[in-house]
$ cat my_file35.cif   # mmCIF, C-alpha atoms and all ligand atoms
data_protein
loop_
_atom_site.label_atom_id
_atom_site.label_comp_id
_atom_site.auth_asym_id
_atom_site.auth_seq_id
_atom_site.Cartn_x
_atom_site.Cartn_y
_atom_site.Cartn_z
CA MET A 1 -25.95 8.07 -5.81
CA THR A 2 -22.90 7.34 -3.70
CA MET A 3 -19.30 7.46 -4.81
CA TYR A 4 -19.45 3.69 -5.11
CA ASP A 5 -22.10 3.68 -7.84
CA ASN A 6 -20.17 2.82 -10.96
CA ASN A 7 -20.25 1.50 -14.49
CA ILE A 8 -17.54 -1.09 -14.05
CA LEU A 9 -19.64 -4.01 -15.30
CA LYS A 10 -20.69 -2.05 -18.37
CA ASP A 11 -17.15 -0.84 -19.03
CA ILE A 12 -15.66 -4.33 -18.90
CA GLU A 13 -18.50 -5.99 -20.80
CA ASN A 14 -16.76 -5.93 -24.15
CA ALA A 15 -13.19 -5.59 -22.85
CA GLU A 16 -10.85 -8.37 -23.95
CA GLU A 17 -7.63 -7.14 -22.35
CA ILE A 18 -7.93 -5.94 -18.77
CA CYS A 19 -4.92 -4.98 -16.64
CA ILE A 20 -4.99 -4.35 -12.89
CA ALA A 21 -1.97 -2.71 -11.27
CA GLY A 22 -0.97 -1.64 -7.77
CA HIS A 23 1.83 0.60 -6.54
CA ILE A 24 5.54 -0.17 -6.77
CA ASN A 25 7.03 -1.96 -3.78
CA PRO A 26 3.56 -3.47 -3.22
CA ASP A 27 2.31 -3.79 0.35
CA GLY A 28 -0.46 -5.98 1.77
CA ASP A 29 -3.21 -3.57 0.73
CA ALA A 30 -1.92 -3.24 -2.83
CA VAL A 31 -1.59 -7.01 -3.26
CA GLY A 32 -4.90 -7.79 -1.50
CA SER A 33 -6.97 -5.20 -3.37
CA VAL A 34 -5.48 -5.96 -6.80
CA LEU A 35 -5.83 -9.73 -6.45
CA ALA A 36 -9.38 -9.46 -5.07
CA LEU A 37 -10.46 -7.33 -8.02
CA ALA A 38 -8.68 -9.65 -10.45
CA LEU A 39 -10.39 -12.74 -9.00
CA TYR A 40 -13.74 -10.98 -9.11
CA LEU A 41 -13.32 -10.12 -12.82
CA LYS A 42 -12.15 -13.66 -13.46
CA ARG A 43 -15.34 -15.01 -11.88
CA LEU A 44 -17.21 -12.78 -14.37
CA GLY A 45 -15.52 -14.61 -17.22
CA LYS A 46 -12.70 -12.14 -17.89
CA THR A 47 -8.99 -12.92 -18.03
CA PRO A 48 -7.40 -9.98 -16.20
CA ARG A 49 -3.65 -9.56 -15.95
CA VAL A 50 -2.23 -8.49 -12.61
CA LEU A 51 0.66 -6.06 -13.05
CA LEU A 52 2.62 -5.92 -9.81
CA GLU A 53 6.36 -5.34 -9.51
CA SER A 54 6.48 -8.45 -7.34
CA ILE A 55 4.37 -10.46 -4.95
CA PRO A 56 6.49 -10.45 -1.79
CA ALA A 57 6.96 -13.93 -0.32
CA ARG A 58 4.96 -13.12 2.80
CA PHE A 59 1.89 -12.42 0.64
CA ALA A 60 2.31 -15.55 -1.48
CA PHE A 61 -0.57 -17.19 0.42
CA PHE A 62 -3.06 -14.59 -0.90
CA GLY A 63 -5.70 -15.92 -3.31
CA GLY A 64 -5.29 -15.25 -7.04
CA THR A 65 -1.49 -15.03 -7.28
CA GLN A 66 -1.72 -17.19 -10.43
CA LEU A 67 -3.18 -14.12 -12.18
CA TRP A 68 0.10 -12.25 -11.70
CA TYR A 69 1.62 -11.40 -15.10
CA ASN A 70 5.40 -11.64 -15.14
CA GLY A 71 5.96 -11.07 -18.89
CA ALA A 72 7.02 -8.06 -20.95
CA TYR A 73 4.84 -4.96 -20.74
CA ASP A 74 5.54 -3.52 -24.20
CA GLY A 75 2.89 -5.58 -26.04
CA LEU A 76 0.11 -4.84 -23.57
CA VAL A 77 -2.64 -2.53 -24.85
CA PRO A 78 -5.56 -2.98 -22.45
CA ASP A 79 -9.14 -1.99 -23.18
CA VAL A 80 -9.54 -1.22 -19.50
CA PHE A 81 -6.83 -0.54 -16.92
CA PHE A 82 -7.41 -0.40 -13.16
CA ALA A 83 -4.83 1.42 -11.00
CA VAL A 84 -5.48 0.38 -7.41
CA ASP A 85 -3.97 1.80 -4.17
CA CYS A 86 -1.91 4.25 -6.27
CA GLY A 87 -1.83 7.94 -5.33
CA ASP A 88 -0.15 9.14 -8.51
CA LYS A 89 0.87 7.79 -11.90
CA ALA A 90 4.56 7.54 -11.06
CA ARG A 91 3.67 5.05 -8.32
CA LEU A 92 2.60 2.61 -11.06
CA GLY A 93 6.27 2.18 -12.00
CA ASN A 94 6.68 0.30 -15.28
CA ALA A 95 2.93 -0.33 -15.48
CA GLY A 96 2.59 3.42 -16.20
CA GLU A 97 3.42 2.83 -19.88
CA VAL A 98 0.58 0.28 -20.10
CA PHE A 99 -1.74 2.78 -18.40
CA ASP A 100 -0.87 5.34 -21.12
CA ARG A 101 -1.93 2.91 -23.87
CA ALA A 102 -5.22 1.86 -22.25
CA GLY A 103 -8.59 2.68 -23.82
CA LEU A 104 -10.19 3.47 -20.46
CA THR A 105 -8.49 3.96 -17.11
CA TYR A 106 -9.83 3.64 -13.58
CA CYS A 107 -8.13 4.75 -10.38
CA ILE A 108 -9.43 3.14 -7.18
CA ASP A 109 -7.66 4.61 -4.19
CA HIS A 110 -7.71 5.97 -0.64
CA HIS A 111 -4.65 8.24 -0.59
CA ARG A 112 -5.39 11.80 0.51
CA THR A 113 -2.72 13.02 -1.90
CA ASN A 114 -4.29 11.31 -4.94
CA THR A 115 -3.99 13.41 -8.10
CA GLY A 116 -7.05 11.95 -9.90
CA PHE A 117 -4.94 10.82 -12.85
CA ALA A 118 -7.35 8.35 -14.50
CA ASP A 119 -10.47 8.71 -16.67
CA VAL A 120 -12.64 7.46 -13.81
CA ASN A 121 -11.39 8.24 -10.29
CA ILE A 122 -13.00 6.49 -7.34
CA ILE A 123 -11.11 8.01 -4.42
CA ASN A 124 -12.17 7.91 -0.78
CA ALA A 125 -9.52 9.28 1.58
CA ASN A 126 -11.70 8.27 4.52
CA ALA A 127 -11.63 4.60 3.59
CA SER A 128 -9.28 2.43 5.64
CA SER A 129 -7.67 0.89 2.58
CA ALA A 130 -7.95 0.34 -1.15
CA SER A 131 -9.23 -3.13 -0.25
CA GLU A 132 -12.22 -1.58 1.54
CA ILE A 133 -13.08 0.47 -1.58
CA VAL A 134 -12.70 -2.54 -3.88
CA PHE A 135 -15.07 -4.42 -1.55
CA GLU A 136 -17.69 -1.63 -1.82
CA LEU A 137 -17.41 -1.55 -5.61
CA MET A 138 -17.73 -5.31 -5.93
CA LYS A 139 -20.62 -5.37 -3.47
CA LYS A 140 -22.46 -2.75 -5.55
CA ASN A 141 -22.04 -5.15 -8.46
CA GLY A 142 -23.47 -8.19 -6.74
CA PHE A 143 -20.43 -9.64 -4.95
CA ASP A 144 -21.49 -11.82 -2.04
CA PRO A 145 -18.61 -12.36 0.42
CA GLU A 146 -20.40 -15.39 1.88
CA LYS A 147 -20.08 -17.15 -1.46
CA ASP A 148 -16.41 -16.46 -2.14
CA SER A 149 -14.00 -17.04 0.72
CA GLU A 150 -10.94 -16.56 -1.51
CA ILE A 151 -11.85 -13.00 -2.49
CA ALA A 152 -13.09 -12.34 1.06
CA ALA A 153 -9.69 -13.37 2.47
CA ASP A 154 -7.80 -11.07 0.09
CA ILE A 155 -9.96 -8.11 1.10
CA TYR A 156 -9.62 -8.95 4.78
CA SER A 157 -5.82 -9.27 4.45
CA GLY A 158 -5.56 -5.89 2.72
CA ILE A 159 -7.68 -4.21 5.39
CA VAL A 160 -5.75 -5.82 8.24
CA PHE A 161 -2.44 -4.72 6.68
CA ASP A 162 -3.36 -1.10 6.02
CA THR A 163 -5.16 -0.56 9.32
CA GLY A 164 -2.39 -2.22 11.32
CA GLY A 165 -5.04 -4.63 12.65
CA PHE A 166 -8.01 -2.20 12.87
CA ARG A 167 -5.97 0.43 14.76
CA HIS A 168 -5.16 3.25 12.33
CA ASN A 169 -7.24 6.38 12.17
CA CYS A 170 -9.31 5.63 9.06
CA THR A 171 -10.66 2.45 10.64
CA GLY A 172 -14.35 3.22 10.94
CA ARG A 173 -17.65 1.58 11.71
CA ARG A 174 -17.92 0.57 8.07
CA THR A 175 -14.50 -1.11 8.17
CA HIS A 176 -15.70 -3.30 11.02
CA GLU A 177 -19.02 -3.99 9.30
CA ILE A 178 -17.15 -5.13 6.19
CA ALA A 179 -14.88 -7.28 8.36
CA GLY A 180 -18.01 -8.88 9.82
CA MET A 181 -19.31 -9.73 6.35
CA LEU A 182 -15.91 -11.21 5.46
CA VAL A 183 -15.93 -13.30 8.64
CA ASP A 184 -19.35 -14.60 7.55
CA GLY A 185 -17.60 -15.57 4.33
CA GLY A 186 -15.35 -17.95 6.27
CA VAL A 187 -12.19 -15.85 6.54
CA ASP A 188 -9.67 -17.21 9.06
CA THR A 189 -9.02 -13.97 10.95
CA SER A 190 -6.44 -15.36 13.33
CA VAL A 191 -4.23 -16.82 10.60
CA ILE A 192 -4.46 -13.65 8.50
CA HIS A 193 -3.55 -11.35 11.41
CA SER A 194 -0.52 -13.49 12.23
CA ARG A 195 0.73 -13.81 8.69
CA VAL A 196 0.08 -10.25 7.56
CA LEU A 197 1.23 -8.40 10.68
CA PHE A 198 3.29 -10.52 13.04
CA GLU A 199 5.23 -13.30 11.33
CA HIS A 200 8.80 -12.38 10.50
CA THR A 201 11.81 -14.28 9.25
CA TYR A 202 15.07 -14.75 11.15
CA PRO A 203 16.92 -12.35 8.77
CA GLN A 204 14.21 -9.75 9.38
CA ALA A 205 14.73 -10.06 13.13
CA LYS A 206 18.48 -9.50 12.63
CA LEU A 207 17.75 -6.39 10.57
CA PHE A 208 15.28 -5.19 13.21
CA GLY A 209 18.13 -5.38 15.71
CA ILE A 210 20.38 -3.24 13.51
CA ALA A 211 17.60 -0.73 12.94
CA LEU A 212 17.08 -0.41 16.71
CA GLY A 213 20.85 -0.13 17.21
CA ASN A 214 20.96 2.81 14.79
CA MET A 215 17.94 4.50 16.40
CA LYS A 216 18.11 8.16 17.41
CA HIS A 217 15.66 10.64 18.93
CA LEU A 218 15.18 14.38 18.50
CA ASP A 219 12.36 16.48 19.97
CA GLY A 220 9.57 13.91 19.62
CA VAL A 221 10.90 12.26 16.46
CA THR A 222 12.36 8.77 16.74
CA TYR A 223 14.23 7.75 13.64
CA THR A 224 16.65 5.26 12.22
CA THR A 225 18.53 4.48 9.01
CA LEU A 226 19.61 1.35 7.19
CA THR A 227 22.27 1.21 4.48
CA THR A 228 22.22 -1.25 1.61
CA ALA A 229 25.15 -3.09 3.23
CA GLU A 230 23.20 -3.47 6.49
CA ILE A 231 20.07 -4.71 4.68
CA GLU A 232 21.93 -7.14 2.43
CA GLY A 233 24.28 -8.19 5.24
CA CYS A 234 21.26 -9.68 7.04
CA GLY A 235 20.12 -11.45 3.87
CA CYS A 236 17.22 -9.01 3.53
CA THR A 237 15.79 -6.80 0.76
CA SER A 238 13.61 -3.70 0.78
CA GLU A 239 10.65 -6.08 1.13
CA ASP A 240 11.73 -6.95 4.67
CA LEU A 241 11.15 -3.63 6.43
CA ASP A 242 7.58 -4.05 7.69
CA GLY A 243 7.10 -3.28 11.34
CA ILE A 244 10.27 -1.27 11.97
CA VAL A 245 8.87 2.25 11.69
CA ASP A 246 5.70 1.24 13.53
CA TYR A 247 7.80 -0.04 16.43
CA LEU A 248 9.59 3.31 16.62
CA LEU A 249 6.28 5.19 16.59
CA ASN A 250 4.88 3.07 19.42
CA LEU A 251 7.63 4.22 21.80
CA ASP A 252 6.28 6.46 24.54
CA ILE A 253 8.61 9.33 23.58
CA SER A 254 7.57 9.32 19.89
CA GLU A 255 5.21 11.81 18.33
CA CYS A 256 6.54 10.85 14.92
CA ALA A 257 8.85 8.15 13.58
CA VAL A 258 10.99 7.91 10.46
CA LEU A 259 12.77 4.96 8.84
CA VAL A 260 15.17 5.86 6.03
CA THR A 261 16.62 3.08 3.90
CA GLN A 262 19.20 3.42 1.18
CA ARG A 263 17.74 2.29 -2.17
CA SER A 264 20.60 3.06 -4.58
CA GLU A 265 23.97 4.80 -4.54
CA THR A 266 22.21 8.15 -4.83
CA ALA A 267 18.74 7.78 -3.31
CA ALA A 268 17.06 6.81 -0.05
CA LYS A 269 13.45 6.06 0.84
CA ALA A 270 11.81 7.51 3.93
CA SER A 271 8.79 6.03 5.68
CA VAL A 272 7.17 8.56 7.98
CA ARG A 273 4.56 7.82 10.66
CA SER A 274 2.82 10.08 13.14
CA LYS A 275 0.54 9.64 16.15
CA LYS A 276 -1.38 12.92 15.68
CA ILE A 277 0.52 15.63 13.80
CA PRO A 278 -0.31 15.48 10.06
CA ILE A 279 2.90 14.81 8.13
CA ALA A 280 1.58 14.29 4.56
CA ASP A 281 2.24 17.92 3.55
CA ILE A 282 5.90 17.72 4.56
CA VAL A 283 6.30 14.49 2.63
CA VAL A 284 4.46 15.89 -0.41
CA SER A 285 6.74 18.96 -0.36
CA LEU A 286 9.64 16.56 -0.87
CA GLY A 287 7.91 14.83 -3.80
CA GLY A 288 6.26 11.92 -1.98
CA GLY A 289 2.76 11.19 -0.79
CA GLY A 290 0.50 9.05 1.37
CA HIS A 291 -1.92 9.65 4.22
CA ALA A 292 -2.11 12.24 7.00
CA LEU A 293 -0.36 9.98 9.50
CA ALA A 294 1.56 7.58 7.22
CA ALA A 295 3.48 8.72 4.17
CA GLY A 296 6.61 7.99 2.18
CA VAL A 297 9.07 9.55 -0.23
CA THR A 298 12.27 8.71 -2.08
CA CYS A 299 14.88 11.52 -2.10
CA ASP A 300 18.38 12.03 -3.47
CA GLY A 301 21.11 11.57 -0.88
CA SER A 302 22.42 9.00 1.55
CA ALA A 303 20.07 7.51 4.16
CA ALA A 304 21.72 9.67 6.84
CA GLU A 305 21.34 12.86 4.77
CA VAL A 306 17.72 12.19 3.90
CA ALA A 307 16.93 11.36 7.54
CA GLU A 308 18.54 14.59 8.74
CA LYS A 309 16.53 16.65 6.24
CA ILE A 310 13.15 15.05 7.00
CA VAL A 311 13.63 14.96 10.77
CA ALA A 312 14.51 18.68 10.76
CA LEU A 313 11.28 19.47 8.86
CA ILE A 314 9.16 17.38 11.23
CA VAL A 315 10.77 18.90 14.34
CA LYS A 316 10.01 22.36 12.94
CA GLU A 317 6.38 21.32 12.42
CA ILE A 318 6.13 19.92 15.97
CA LYS A 319 7.62 23.09 17.48
CA HIS A 320 5.95 25.76 15.38
CA GLY A 321 2.96 24.03 13.72
P1 LIG A 401 5.48 3.33 3.33
O1 LIG A 401 6.22 4.30 4.16
O2 LIG A 401 4.96 2.18 4.13
O3 LIG A 401 6.21 2.91 2.10
O4 LIG A 401 4.21 4.10 2.79
C1 LIG A 401 3.31 4.79 3.61
C2 LIG A 401 2.19 5.35 2.76
O5 LIG A 401 2.73 6.35 1.89
C3 LIG A 401 1.54 4.31 1.84
O6 LIG A 401 0.18 4.61 1.74
C4 LIG A 401 2.23 4.51 0.52
O7 LIG A 401 1.39 4.17 -0.54
C5 LIG A 401 2.59 6.00 0.53
N1 LIG A 401 3.89 6.22 -0.12
C6 LIG A 401 5.07 5.67 0.21
N2 LIG A 401 6.08 6.12 -0.57
C7 LIG A 401 5.51 6.96 -1.45
C8 LIG A 401 6.02 7.75 -2.54
O8 LIG A 401 7.21 7.74 -2.86
N3 LIG A 401 5.12 8.52 -3.22
C9 LIG A 401 3.79 8.55 -2.90
N4 LIG A 401 2.97 9.32 -3.61
N5 LIG A 401 3.28 7.83 -1.88
C10 LIG A 401 4.11 7.05 -1.16
MN MN A 402 -3.29 1.27 0.83
#
$ encode --input "my_file35.cif" --output "structure tokens"
Amino acid sequence: MTMYDNNILKDIENAEEICIAGHINPDGDAVGSVLALALYLKRLGKTPRVLLESIPARFAFFGGTQLWYNGAYDGLVPDVFFAVDCGDKARLGNAGEVFDRAGLTYCIDHHRTNTGFADVNIINANASSASEIVFELMKKNGFDPEKDSEIAADIYSGIVFDTGGFRHNCTGRRTHEIAGMLVDGGVDTSVIHSRVLFEHTYPQAKLFGIALGNMKHLDGVTYTTLTTAEIEGCGCTSEDLDGIVDYLLNLDISECAVLVTQRSETAAKASVRSKKIPIADIVVSLGGGGHALAAGVTCDGSAAEVAEKIVALIVKEIKHG
């Protein structure tokens, strides 16, 4: 028995209503893993509904976006509900109410901080991404990547996104083996890398400039803030922030990096990244979650206030451990 042995096929056999949800503010791994699982269940003759807050424009080329459900949630009572790439129930956002009404719930995830909130929890904090876990589960149930390039591309996109292009620390031998199988399935690796990691819009480049202009550094922590006016002034939204915090982390002086963006009049979201020092505990202590070296949290306060608070905690950790 491995953690990937499962009863998914049996559990969905008689299910009429199946919902698959990812985390709020969905990233490439959430969209890739959810759509791959949805397409797989569709191929098995099911009609799954994908519950995602949005499918950001840059992921619109992913396969299976037609399975996205954009209607009201109040009538949905699924027989089976899959929460994918979600570390805790709150991260489901509005889909949480649908989760509560489901007959059977699954959580498929790779966050170290996962609370195990479903009936069946398939959690592997050593996996590179939720997409990698979804691949393993489908493979156990007869999925052949060589026969389905659309699903293969979604999985590959999710892995590329969450590993930053096979660079982050949970990228293992198995991640590369899976990538090899997906390449055999006809995935266009070059196009996916470009679109998922490198292509940006002109407004995003403008915002990048402002973020770099606002950049500060304190004792190994490089950080920056963006107000709503700065984000909207560039014609951007909170979906246009990819790459900023990673750029700050890659600076030679950075041990950690923080991007704090205002999300409402009273709250700001922090994205925290680290080269080596684990930062998940600090972020969890503030009510957030994530991975050892990449985590996030939304806190009360202005972007500047939230940045000051988090940076002080990280500096303390760097200095005193
Ligand atoms: P990001 O900073 O890119 O939004 O997220 C980094 C990692 O932390 C991702 O794995 C994401 O799922 C997780 N994360 C971000 N914000 C939150 C949050 O508010 N709560 C929890 N539990 N996890 C978060
Ligand atoms: Mn993920």
$ residues_near_ligand --input "my_file35.cif" --ligand "ligand MN 402 (chain A)" --cutoff "8 Å" --atoms "all atoms listed in the file" --output "list of chain:residue names"
A:Asp27, A:Gly28, A:Asp29, A:Ala30, A:Asp85, A:Cys86, A:Asp109, A:His110, A:His111, A:Ser128, A:Ser129, A:Ala130, A:Ser131, A:Gly158, A:Asp162
$ closest_residue --input "my_file35.cif" --among "A:Leu39, A:Ala211, A:Ile55, A:Cys107" --to "Ser149 (chain A)" --atoms "all atoms listed in the file"
A:Leu39
$ residues_near_ligand --input "my_file35.cif" --ligand "ligand LIG 401 (chain A)" --cutoff "8 Å" --atoms "all atoms listed in the file" --output "ChimeraX atom specification"
/A:23,25,27,85-88,90-91,111,113-114,162,242,269-273,284,287-291,294-298
$ residues_around --input "my_file35.cif" --residues "region 171-176 of chain A" --least-positions-apart "4" --cutoff "10 Å" --atoms "only C-alpha atoms" --output "MDAnalysis selection string"
chainID A and resid 126:129 132:133 156 159:160 162:167 180:182
$ closest_residue --input "my_file35.cif" --among "A:Val315, A:Phe117, A:Asn6, A:Ala307" --to "Met215 (chain A)" --atoms "all atoms listed in the file"
A:Ala307
$ atom_distance --input "my_file35.cif" --atom1 "CA of Gly103 (chain A)" --atom2 "CA of Val31 (chain A)"
23.8 Å
$ closest_residue --input "my_file35.cif" --among "A:Ala95, A:Ala15, A:Ile231, A:Val221" --to "Pro203 (chain A)" --atoms "only C-alpha atoms"
A:Ile231
$ atom_distance --input "my_file35.cif" --atom1 "CA of Pro278 (chain A)" --atom2 "CA of Asn169 (chain A)"
11.6 Å
$ atom_distance --input "my_file35.cif" --atom1 "CA of Gly116 (chain A)" --atom2 "CA of Ile155 (chain A)"
23.1 Å
$ closest_residue --input "my_file35.cif" --among "A:Asp184, A:Asp154, A:Glu199, A:Glu239" --to "Phe62 (chain A)" --atoms "only C-alpha atoms"
A:Asp154
$ closest_residue --input "my_file35.cif" --among "A:Gly71, A:Gly235, A:Pro78, A:Gly64" --to "Arg43 (chain A)" --atoms "all atoms listed in the file"
A:Gly64
$ closest_residue --input "my_file35.cif" --among "A:Phe143, A:Tyr247, A:Phe208, A:Phe135" --to "Ala179 (chain A)" --atoms "all atoms listed in the file"
A:Phe135
$ axis_aligned_box --input "my_file35.cif" --around "region 260-273 of chain A" --padding-each-side "4 Å" --output "lines of an AutoDock Vina configuration file"
center_x = 14.3
center_y = 5.4
center_z = 2.9
size_x = 27.4
size_y = 14.3
size_z = 23.5
$ residues_around --input "my_file35.cif" --residues "Ile277 (chain A)" --least-positions-apart "3" --cutoff "9 Å" --atoms "all atoms listed in the file" --output "count of residues only"
8
